[in-house]
>>> print(open('my_file_35.cif').read())   # mmCIF, C-alpha atoms
data_final
loop_
_atom_site.label_atom_id
_atom_site.label_comp_id
_atom_site.auth_asym_id
_atom_site.auth_seq_id
_atom_site.Cartn_x
_atom_site.Cartn_y
_atom_site.Cartn_z
CA MET A 5 76.97 103.86 81.55
CA GLU A 6 77.51 107.57 81.85
CA ILE A 7 79.47 109.41 84.46
CA THR A 8 77.59 111.72 86.80
CA SER A 9 79.06 114.97 88.07
CA SER A 10 79.65 113.63 91.58
CA GLN A 11 81.48 110.61 90.19
CA ALA A 12 83.69 112.90 88.14
CA ALA A 13 84.34 115.11 91.20
CA PHE A 14 85.19 112.06 93.27
CA ALA A 15 87.58 110.80 90.61
CA VAL A 16 89.41 114.13 90.53
CA LEU A 17 89.60 114.37 94.34
CA ALA A 18 90.77 110.76 94.67
CA ALA A 19 93.48 111.33 92.05
CA ILE A 20 94.68 114.46 93.88
CA ILE A 21 94.75 112.62 97.21
CA VAL A 22 96.59 109.56 95.88
CA ILE A 23 99.21 111.46 93.86
CA CYS A 24 99.86 114.24 96.35
CA SER A 25 100.04 112.00 99.41
CA VAL A 26 102.69 109.86 97.71
CA LEU A 27 104.61 112.94 96.57
CA SER A 28 104.35 114.43 100.05
CA VAL A 29 106.16 111.51 101.65
CA THR A 30 108.73 110.99 98.88
CA THR A 31 109.83 114.48 97.82
CA LYS A 32 113.28 115.69 98.80
CA ARG A 33 112.39 119.29 99.67
CA ILE A 34 110.60 119.79 102.96
CA LEU A 35 108.62 122.83 101.79
CA ARG A 36 107.27 120.89 98.82
CA SER A 37 106.24 118.17 101.22
CA ALA A 38 104.15 120.71 103.16
CA THR A 39 102.65 122.05 99.92
CA TYR A 40 101.57 118.59 98.78
CA LEU A 41 100.09 118.05 102.23
CA MET A 42 98.03 121.20 101.67
CA PHE A 43 96.64 119.77 98.42
CA VAL A 44 95.70 116.54 100.19
CA LEU A 45 93.94 118.42 102.98
CA PHE A 46 91.98 120.58 100.55
CA ALA A 47 90.98 117.50 98.58
CA SER A 48 89.67 115.87 101.76
CA ALA A 49 87.68 119.04 102.45
CA GLY A 50 86.29 118.51 98.94
CA ILE A 51 85.33 114.95 99.87
CA TYR A 52 83.43 116.26 102.91
CA LEU A 53 81.63 118.68 100.57
CA LEU A 54 80.81 115.82 98.23
CA LEU A 55 79.24 113.98 101.17
CA ASN A 56 77.11 117.04 102.02
CA TYR A 57 78.96 117.83 105.25
CA HIS A 58 79.44 121.51 104.48
CA PHE A 59 80.27 122.60 108.01
CA LEU A 60 82.98 119.98 108.34
CA ALA A 61 84.50 121.02 105.02
CA ALA A 62 84.67 124.62 106.22
CA VAL A 63 86.23 123.55 109.52
CA GLN A 64 88.75 121.35 107.72
CA ALA A 65 89.80 124.17 105.38
CA ALA A 66 90.00 126.71 108.22
CA ILE A 67 91.81 124.63 110.86
CA TYR A 68 94.09 122.59 108.64
CA ALA A 69 94.91 125.01 105.84
CA GLY A 70 94.57 128.16 107.92
CA GLY A 71 96.09 127.00 111.18
CA ILE A 72 98.17 123.86 111.10
CA LEU A 73 99.71 124.39 107.68
CA ILE A 74 100.77 127.98 108.39
CA LEU A 75 102.32 126.75 111.64
CA LEU A 76 104.16 123.98 109.76
CA ILE A 77 105.43 126.33 107.05
CA PHE A 78 106.67 128.89 109.56
CA SER A 79 108.48 126.23 111.56
CA ILE A 80 110.04 124.95 108.32
CA PHE A 81 111.30 128.46 107.62
CA LEU A 82 112.67 128.69 111.16
CA THR A 83 114.48 125.37 111.16
CA SER A 84 115.88 124.77 107.67
CA ARG A 85 118.13 126.65 105.28
CA PRO A 86 116.86 127.52 101.78
CA GLY A 87 117.56 124.83 99.20
CA GLU A 88 118.39 122.26 101.83
CA LYS A 89 117.60 118.68 100.84
CA LEU A 90 116.30 115.99 103.12
CA ILE A 91 118.51 113.07 104.00
CA HIS A 92 117.33 109.83 102.45
CA ILE A 93 117.77 106.57 104.27
CA ALA A 94 119.30 103.51 102.62
CA ALA A 95 117.48 102.14 99.56
CA SER A 96 116.99 98.70 101.11
CA GLN A 97 115.22 100.24 104.11
CA ARG A 98 113.05 102.32 101.81
CA VAL A 99 112.09 99.26 99.78
CA MET A 100 111.26 97.33 102.94
CA SER A 101 109.03 100.09 104.30
CA ALA A 102 107.33 100.54 100.92
CA LEU A 103 106.65 96.79 100.93
CA ALA A 104 105.25 96.98 104.46
CA ALA A 105 102.98 99.89 103.49
CA LEU A 106 101.82 98.15 100.31
CA PHE A 107 101.17 94.95 102.23
CA GLY A 108 99.05 96.79 104.77
CA PHE A 109 97.19 98.60 102.02
CA ALA A 110 96.52 95.31 100.23
CA ILE A 111 95.11 93.75 103.41
CA CYS A 112 92.91 96.79 104.07
CA THR A 113 91.63 96.84 100.49
CA PHE A 114 90.86 93.13 100.66
CA VAL A 115 88.93 93.56 103.91
CA ILE A 116 87.02 96.59 102.60
CA VAL A 117 86.04 94.91 99.34
CA ARG A 118 85.04 91.67 101.02
CA SER A 119 83.22 93.25 103.95
CA GLY A 120 79.93 93.90 102.11
CA LEU A 121 79.00 97.11 103.92
CA LYS A 122 75.29 97.76 103.91
CA ILE A 123 74.48 101.26 102.75
CA ALA A 124 71.50 102.85 104.48
CA ALA A 125 68.72 104.01 102.20
CA SER A 126 68.49 107.68 103.16
CA ALA A 127 72.13 108.55 102.66
CA SER A 128 71.72 112.07 101.38
CA GLY A 129 70.57 115.53 102.34
CA LYS A 130 72.64 118.09 104.14
CA ILE A 131 72.69 118.73 107.86
CA ASP A 132 71.14 121.86 109.24
CA MET A 133 73.35 124.11 111.36
CA HIS A 134 70.65 124.09 114.05
CA VAL A 135 71.08 120.33 114.44
CA ILE A 136 74.85 120.66 114.83
CA GLY A 137 74.54 123.50 117.32
CA HIS A 138 71.98 121.70 119.48
CA ALA A 139 73.98 118.47 119.45
CA LEU A 140 77.14 120.36 120.43
CA MET A 141 75.53 122.26 123.29
CA GLY A 142 73.21 119.70 124.89
CA SER A 143 73.96 117.30 127.73
CA GLU A 144 71.56 114.48 126.85
CA LYS A 145 72.14 111.29 124.89
CA PHE A 146 73.92 111.89 121.53
CA GLN A 147 74.78 115.41 122.61
CA TYR A 148 78.29 116.61 123.15
CA LEU A 149 78.60 119.30 125.81
CA LEU A 150 81.13 117.35 127.91
CA PRO A 151 83.60 116.67 125.05
CA PHE A 152 83.19 120.30 124.02
CA GLU A 153 84.25 121.48 127.48
CA ALA A 154 87.02 118.88 127.63
CA ILE A 155 88.46 120.11 124.37
CA SER A 156 88.39 123.70 125.59
CA ILE A 157 90.48 122.61 128.59
CA LEU A 158 92.79 120.76 126.20
CA LEU A 159 93.23 123.85 124.03
CA LEU A 160 93.99 125.98 127.09
CA ALA A 161 96.54 123.41 128.28
CA SER A 162 98.21 123.28 124.87
CA ILE A 163 98.36 127.10 124.68
CA ILE A 164 100.10 127.23 128.06
CA GLY A 165 102.33 124.28 127.15
CA GLY A 166 103.29 125.81 123.81
CA ILE A 167 104.23 129.12 125.41
CA LEU A 168 106.15 127.44 128.24
CA ILE A 169 108.11 125.13 125.93
CA ALA A 170 108.92 127.57 123.14
CA ARG A 171 109.76 130.73 125.10
CA LYS A 172 113.32 132.01 125.35
CA ARG A 173 115.05 131.53 128.66
CA MET B 60 75.86 109.59 96.53
CA ASP B 61 76.45 107.41 93.50
CA VAL B 62 80.04 106.55 94.33
CA PRO B 63 80.22 103.26 96.28
CA VAL B 64 81.37 103.50 99.88
CA GLU B 65 84.29 101.14 99.22
CA TYR B 66 85.99 103.67 96.93
CA TYR B 67 86.10 106.32 99.64
CA LEU B 68 87.50 103.81 102.13
CA ILE B 69 90.15 102.61 99.68
CA VAL B 70 91.30 106.18 99.01
CA SER B 71 91.58 106.89 102.72
CA ALA B 72 93.40 103.59 103.31
CA PHE B 73 95.89 104.58 100.61
CA MET B 74 96.41 107.93 102.32
CA PHE B 75 96.94 106.21 105.66
CA PHE B 76 99.60 103.87 104.33
CA ALA B 77 101.34 106.67 102.43
CA GLY B 78 101.55 108.42 105.80
CA MET B 79 102.86 105.24 107.40
CA TYR B 80 105.57 104.93 104.75
CA GLY B 81 106.60 108.51 105.42
CA PHE B 82 106.57 107.92 109.16
CA ILE B 83 108.99 105.03 108.79
CA THR B 84 111.34 106.48 106.17
CA ARG B 85 111.61 110.16 107.12
CA ARG B 86 114.40 111.35 109.38
CA ASN B 87 113.42 114.98 109.87
CA MET B 88 111.01 115.72 112.72
CA LEU B 89 108.84 118.10 110.70
CA THR B 90 108.36 115.62 107.87
CA ILE B 91 107.47 112.97 110.43
CA LEU B 92 104.82 115.39 111.69
CA ILE B 93 103.55 115.86 108.13
CA SER B 94 103.23 112.08 107.71
CA LEU B 95 101.35 111.96 111.00
CA GLU B 96 98.92 114.58 109.69
CA LEU B 97 98.29 112.41 106.64
CA MET B 98 97.42 109.43 108.83
CA LEU B 99 95.13 111.45 111.11
CA ASN B 100 93.37 112.93 108.11
CA ALA B 101 92.77 109.47 106.64
CA VAL B 102 91.15 108.37 109.90
CA ASP B 103 88.94 111.48 109.85
CA ILE B 104 87.76 110.65 106.33
CA ASN B 105 86.94 107.12 107.48
CA PHE B 106 84.81 108.41 110.35
CA VAL B 107 82.90 110.77 108.07
CA VAL B 108 82.33 108.25 105.28
CA ILE B 109 81.10 105.50 107.60
CA ASN B 110 78.81 107.96 109.37
CA ARG B 111 77.37 109.24 106.10
CA PHE B 112 76.84 105.93 104.34
CA LEU B 113 75.99 103.50 107.12
CA TYR B 114 74.29 105.65 109.80
CA PRO B 115 73.02 108.78 108.01
CA ASP B 116 70.49 109.63 110.73
CA GLN B 117 73.12 109.99 113.45
CA LEU B 118 76.05 112.33 113.83
CA GLU B 119 78.63 110.36 115.83
CA GLY B 120 81.28 110.20 113.12
CA PHE B 121 80.72 113.86 112.31
CA PHE B 122 81.44 114.94 115.87
CA PHE B 123 84.34 112.55 116.27
CA THR B 124 85.92 114.21 113.24
CA LEU B 125 85.14 117.67 114.58
CA PHE B 126 86.77 116.93 117.94
CA GLY B 127 89.57 115.04 116.23
CA LEU B 128 90.40 118.18 114.24
CA GLY B 129 90.62 120.17 117.47
CA VAL B 130 92.86 117.59 119.13
CA THR B 131 95.07 117.47 116.03
CA ALA B 132 95.48 121.25 116.08
CA ALA B 133 96.46 121.25 119.76
CA GLU B 134 98.86 118.33 119.29
CA THR B 135 100.53 119.98 116.29
CA ALA B 136 100.99 123.26 118.14
CA VAL B 137 102.70 121.58 121.08
CA ALA B 138 104.79 119.34 118.79
CA ILE B 139 106.02 122.34 116.82
CA ALA B 140 106.87 124.18 120.05
CA ILE B 141 108.95 121.17 121.10
CA ILE B 142 110.63 120.96 117.69
CA ILE B 143 111.57 124.64 117.72
CA ASN B 144 112.94 124.28 121.23
CA ILE B 145 115.03 121.31 120.10
CA TYR B 146 116.31 123.33 117.14
CA ARG B 147 117.29 126.13 119.48
CA ASN B 148 119.30 123.77 121.66
CA LEU B 149 120.84 121.40 119.11
CA LYS B 150 120.74 123.45 115.84
CA SER B 151 119.25 120.46 114.05
CA ILE B 152 115.96 118.58 113.91
CA GLU B 153 117.25 115.35 112.41
CA VAL B 154 116.18 112.40 114.52
CA LYS B 155 119.69 110.94 114.67
CA ASN B 156 120.98 114.01 116.51
CA LEU B 157 118.55 113.72 119.37
CA ARG B 158 120.56 111.29 121.51
CA GLY B 159 121.61 114.00 123.93
CA MET B 160 118.03 114.45 125.11
CA ARG B 161 117.67 110.99 126.54
CA TYR B 162 118.28 111.75 130.21
#
>>> encode(input="my_file_35.cif", output="structure tokens")
Amino acid sequence: MEITSSQAAFAVLAAIIVICSVLSVTTKRILRSATYLMFVLFASAGIYLLLNYHFLAAVQAAIYAGGILILLIFSIFLTSRPGEKLIHIAASQRVMSALAALFGFAICTFVIVRSGLKIAASASGKIDMHVIGHALMGSEKFQYLLPFEAISILLLASIIGGILIARKR
Amino acid sequence: MDVPVEYYLIVSAFMFFAGMYGFITRRNMLTILISLELMLNAVDINFVVINRFLYPDQLEGFFFTLFGLGVTAAETAVAIAIIINIYRNLKSIEVKNLRGMRY
């Protein structure tokens, strides 16, 4: 059995996700935590690419890495001193929460492996931008004009809310 | 397409529970937010993978992920505004110092 290129790419991306997501929640420096989060987000953009969802990969890289992560890093700079270490909670509590997380992961893995998901035959080919644009702008069945408008209202509300909350009085 | 669908789902489940561990154990509001991002991202991967492998002719999971990304961005912006405001008032963003905000 030989390894195809997409299997190798998936193995690399999965390793990055697993290692960096653990490091991101266990490291003692907050800035390193944000950096590991960035690696995880880029690796998930890579998974979208692997699944032939190119547009979604671009959106993921732009919004997460370009927007949210810059916001997080700037707020880390604003709220913590350089070299400051995070407070760790008691070891017993950490062990208990690690056990809870592992238990949940074990249950999920068991369910996934036993579920016997049926893969559709035509699971390949990339999506044309025309299809995405028409689905986003139409108001018929399986078209998404209403959520699109709703999310524009949401973004306006969060802009106003962000300014109102964070401004100096 | 020659990686089984279960592998993708297991990776995203691992990511979700890593985020859950962080959500429970962290005591700094920004790191709690980072753990939350991990969990949301795992859910996004689940949507995309199930859309691609089980219903490749439709785009529901694709658009759920697209709108989920937008909602996540808005939520993070407001959360960070709140955190910076808390820092301005209390000079700390540790969760244990937030008792004064209760009323």
>>> closest_residue(input="my_file_35.cif", among="B:Val108, B:Met74, B:Val130, B:Leu118", to="Ser156 (chain A)", atoms="all atoms listed in the file")
B:Val130
>>> closest_residue(input="my_file_35.cif", among="A:Val16, A:Ile21, A:Met133, A:Ala61", to="chain B", atoms="only C-alpha atoms")
A:Ile21
>>> closest_residue(input="my_file_35.cif", among="A:Phe78, A:Phe59, A:Phe114, A:Phe107", to="Ile69 (chain B)", atoms="only C-alpha atoms")
A:Phe114
>>> residues_around(input="my_file_35.cif", residues="Gly87 (chain A)", least_positions_apart="4", cutoff="10 Å", atoms="all atoms listed in the file", output="ChimeraX atom specification")
/A:33-35
>>> closest_residue(input="my_file_35.cif", among="B:Leu97, B:Ala136, B:Ile145, B:Val62", to="Met79 (chain B)", atoms="only C-alpha atoms")
B:Leu97
>>> closest_residue(input="my_file_35.cif", among="A:Leu158, A:Ile23, A:Thr31, A:Phe14", to="His92 (chain A)", atoms="all atoms listed in the file")
A:Thr31
>>> residues_around(input="my_file_35.cif", residues="Ser162 (chain A)", least_positions_apart="3", cutoff="10 Å", atoms="only C-alpha atoms", output="PyMOL selection string")
(chain A and resi 156-159+165-168) or (chain B and resi 130+132-138+140)
